[in-house]
Structures are given as C-alpha cells and as structure tokens.
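Asks: Take a look at the following structure, please.
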Amino acid sequence: MACPFHQPAKLNEAISPLDWLLGNWESVEPGEGSYPSLKPFRYTEALHFTQVGQPIINFMFNASDVETKKPLHRECGFIRMQTGTNRVAFIVAQNSGLVEVEEGELVGKKLSLHTHALARPSFAKEPHVKEVSRVFQLRPDGKLEQTVSMSTDKQPMTQHLHITYSRLP
C-alpha cells in the first residue's frame with residue numbers, strides 16, 4: 001500500500017501564485033553568510049517545498065557546513081496566502097529556538113517578507129534576534145535566490161545570508 005503522505009494532491013487554488021516554489025532545491029554554490037558579530041562563513045543548503053492539497057505550502061530548510069558537512073541551521077514551517085490578495089505569511093520554527101511569523105507580498109516571482117512576530121525560549125542565547133527580512137526571487141534562468149537580513153538587540157538590520165539554488169529533477 002502506498003504511503004498516504006506521498007500521494008500527489010491537487011494544488012489548492014489559494015497557493016497557486018506560489019507554485020513556482022514547489023519542489024526540492026539545492027544550493028548551486030556555497031552560500032555566503034556574515035554578520036558583524038560573526039566571522040564570515042560559507043554553507044550549503046537544501047530546500048523542500050511541498051503541498052498536500054491544503055491552502056498552505058509546507059517547507060523544510062537544511063543548511064550544512066561546506067567543509068565538514070555538519071548540520072548547521074534548520075528551519076521548518078508553512079506558507080499561507082491571504083485569499084484574493086498578494087499578501088503572504090511565512091510561519092517558521094528554527095533549531096535555534098526562534099519562532100517567527102514573517103509577512104509580506106508576492107510580486108511576480110519575488111516574495112518579500114519581514115518580521116510580524118517572534119518568540120524564543122527564555123534561555124535563548126544572546127544577542128537576541130529582533131527582526132528578520134527575507135527575499136526569495138525566481139530568476140529568469142530558473143534559479144532561486146534567497147537573501148536574509150536581520151537585526152539583533154546589538155546590531156541594526158544587516159544582510160546576513162545570500163544563496164542561490166537550482167531545482168532538483
């Protein structure tokens with residue numbers, strides 16, 4: 001008997017404007033990470049965007065160290081669209097303990113998001129992230145770019161990550 005979690009489902013119309021995200025993506029070249037409180041680093045990342053017929057996209061992001069291949073950052077969550085608009089909500093939980101809701105707009109094949117709300121455990125490591133800005137853009141060559149900026153209680157909004165992905169067959 002086939003696994004019910006791997007059944008192809010009809011795409012819910014509510015998320016059809018985001019269908020270009022669906023599928024599996026891997027970094028083309030190592031992504032670049034930096035922040036004033038960190039030494040610059042490089043990473044690889046795999047993205048998985050799926051749907052099961054509901055008005056949401058499920059996602060999981062897995063980043064690894066370029067040299068050691070050790071797991072680094074993990075994110076998972078859901079993407080929703082406000083019916084009849086281009087407004088998008090990106091609900092994400094990170095392995096660091098940060099949980100956030102980012103909201104923004106979809107314009108063509110560019111999704112721009114910014115923190116709406118965030119929470120963390122009471123014992124989270126400092127400095128605390130205060131806001132995040134994230135942009136996904138599907139390029140004309142079919143590659144997907146992601147840029148993430150953030151501010152903490154010690155640093156203003158600064159670009160943190162930039163990476164480009166190719167869709168896997």
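By convention here, the chains of the structure tokens are called A, B, ... in the order presented, each chain's residues are numbered starting at 1, and ligands are numbered starting at 1 in the order presented.
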Would you give me, as a Markdown table, each residue of stretch 4-117 of chain A having an atom within 9 Å of an atom of stretch 148-159 of chain A, along with its shortest atom pair and that distance in Å to one decimal, using only C-alpha atoms and sorting by chain and residue number?

Replies:
```
| residue | atom | partner | partner_atom | distance |
| --- | --- | --- | --- | --- |
| A:Gly33 | CA | A:Gln159 | CA | 8.5 |
| A:Ser34 | CA | A:Gln159 | CA | 7.5 |
| A:Tyr35 | CA | A:Thr158 | CA | 7.1 |
| A:Pro36 | CA | A:Gln155 | CA | 7.6 |
| A:Ser37 | CA | A:Gln155 | CA | 8.5 |
```

Asks: May I have the residues from that selection written out with C-alpha atoms, as an mmCIF file, in the first residue's frame?

Replies:
```cif
data_model
loop_
_atom_site.group_PDB
_atom_site.id
_atom_site.type_symbol
_atom_site.label_atom_id
_atom_site.label_comp_id
_atom_site.auth_asym_id
_atom_site.auth_seq_id
_atom_site.Cartn_x
_atom_site.Cartn_y
_atom_site.Cartn_z
ATOM 1 C CA GLY A 33 26.998 34.277 5.497
ATOM 2 C CA SER A 34 28.246 37.198 7.537
ATOM 3 C CA TYR A 35 27.219 39.432 10.395
ATOM 4 C CA PRO A 36 29.148 41.984 12.450
ATOM 5 C CA SER A 37 29.309 39.605 15.433
#
```

Asks: Extract the full set of strand (DSSP E or B) residues from stretch 7-64 of chain A according to DSSP on the backbone, and format it as a PyMOL selection string.

Replies: chain A and resi 23-27+31-35+38-50+56-64

Asks: Kindly indicate which residue among A:Trp20, A:Phe59, A:Phe136, A:Phe49 lies nearest to A:Leu161, using only C-alpha atoms for the distances.

Replies: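 Residue with the minimum atom-to-atom distance to A:Leu161: A:Phe136.
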
Asks: I'd like the neighbourhood of stretch 113-129 of chain A as a count of residues only, where a residue qualifies if any of its atoms comes within 12 Å (using only C-alpha atoms), though same-chain residues fewer than 2 positions away should be ignored.

Replies: 49

Asks: Give me, please, the distance in Å between atom CA of A:Glu45 and atom CA of A:Pro71, quoted to one decimal.

Replies: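 Interatomic distance here is 9.6 Å.
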
Asks: At a cut-off of 8 Å, using only C-alpha atoms, what residues contact stretch 7-12 of chain A? Leave out same-chain residues fewer than 6 positions from it and give the result as a list in words.

Replies: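 Final neighbour list, sorted by chain and number: Gln51, Val52, Gly53, Gln54 and Pro55 of chain A.
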
Asks: Deliver the residues from the most recent selection as a file, using all heavy atoms, as a PDB file, in the first residue's frame.

Replies:
```pdb
ATOM      1  N   GLN A  51       3.223  20.439  -0.894  1.00  0.00           N
ATOM      2  CA  GLN A  51       1.830  20.767  -0.603  1.00  0.00           C
ATOM      3  C   GLN A  51       1.037  19.480  -0.613  1.00  0.00           C
ATOM      4  O   GLN A  51       1.433  18.505  -1.245  1.00  0.00           O
ATOM      5  CB  GLN A  51       1.294  21.798  -1.601  1.00  0.00           C
ATOM      6  CG  GLN A  51       1.275  21.348  -3.049  1.00  0.00           C
ATOM      7  CD  GLN A  51      -0.006  20.607  -3.424  1.00  0.00           C
ATOM      8  OE1 GLN A  51      -1.077  20.847  -2.862  1.00  0.00           O
ATOM      9  NE2 GLN A  51       0.112  19.684  -4.369  1.00  0.00           N
ATOM     10  N   VAL A  52      -0.043  19.469   0.132  1.00  0.00           N
ATOM     11  CA  VAL A  52      -0.879  18.266   0.233  1.00  0.00           C
ATOM     12  C   VAL A  52      -2.347  18.573  -0.061  1.00  0.00           C
ATOM     13  O   VAL A  52      -3.240  17.905   0.433  1.00  0.00           O
ATOM     14  CB  VAL A  52      -0.731  17.587   1.625  1.00  0.00           C
ATOM     15  CG1 VAL A  52       0.665  17.030   1.799  1.00  0.00           C
ATOM     16  CG2 VAL A  52      -1.094  18.551   2.743  1.00  0.00           C
ATOM     17  N   GLY A  53      -2.575  19.617  -0.871  1.00  0.00           N
ATOM     18  CA  GLY A  53      -3.935  19.979  -1.243  1.00  0.00           C
ATOM     19  C   GLY A  53      -4.574  21.005  -0.328  1.00  0.00           C
ATOM     20  O   GLY A  53      -5.667  21.489  -0.606  1.00  0.00           O
ATOM     21  N   GLN A  54      -3.915  21.343   0.768  1.00  0.00           N
ATOM     22  CA  GLN A  54      -4.427  22.370   1.680  1.00  0.00           C
ATOM     23  C   GLN A  54      -4.000  23.755   1.166  1.00  0.00           C
ATOM     24  O   GLN A  54      -3.116  23.855   0.312  1.00  0.00           O
ATOM     25  CB  GLN A  54      -3.873  22.150   3.086  1.00  0.00           C
ATOM     26  CG  GLN A  54      -4.306  20.854   3.714  1.00  0.00           C
ATOM     27  CD  GLN A  54      -3.647  20.630   5.075  1.00  0.00           C
ATOM     28  OE1 GLN A  54      -2.502  21.008   5.289  1.00  0.00           O
ATOM     29  NE2 GLN A  54      -4.376  19.999   5.968  1.00  0.00           N
ATOM     30  N   PRO A  55      -4.544  24.827   1.726  1.00  0.00           N
ATOM     31  CA  PRO A  55      -4.172  26.159   1.268  1.00  0.00           C
ATOM     32  C   PRO A  55      -2.862  26.652   1.904  1.00  0.00           C
ATOM     33  O   PRO A  55      -2.744  27.817   2.288  1.00  0.00           O
ATOM     34  CB  PRO A  55      -5.368  27.027   1.684  1.00  0.00           C
ATOM     35  CG  PRO A  55      -5.906  26.344   2.891  1.00  0.00           C
ATOM     36  CD  PRO A  55      -5.686  24.870   2.652  1.00  0.00           C
TER      37      PRO A  55
END
```

Asks: For A:Pro17, which residue out of A:Asp141, A:Lys130, A:Tyr165, A:Gly108 is the nearest one, using only C-alpha atoms?

Replies: A:Gly108

Asks: With distances taken over only C-alpha atoms, which of A:Ile56, A:Ala14, A:Leu138, A:Leu144 is nearest to A:Thr85?

Replies: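 Result for the nearest residue to A:Thr85: A:Ala14.
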
Asks: Atom CA of A:Ala46 to atom CA of A:Thr164: how many Å, to one decimal?

Replies: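 Atom CA of A:Thr164 lies at a distance of 10.5 Å from atom CA of A:Ala46.
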
Asks: Expressed in Å to a single decimal, how great is the separation between atom CA of A:Leu22 and atom CA of A:Ile57?

Replies: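 Distance between the two atoms: 7.9 Å.
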
Asks: Could you list, as a ChimeraX atom specification, every residue within 7 Å of A:Glu32, counting only C-alpha atoms and ignoring same-chain residues fewer than 3 positions away?

Replies: /A:41-43,161-163
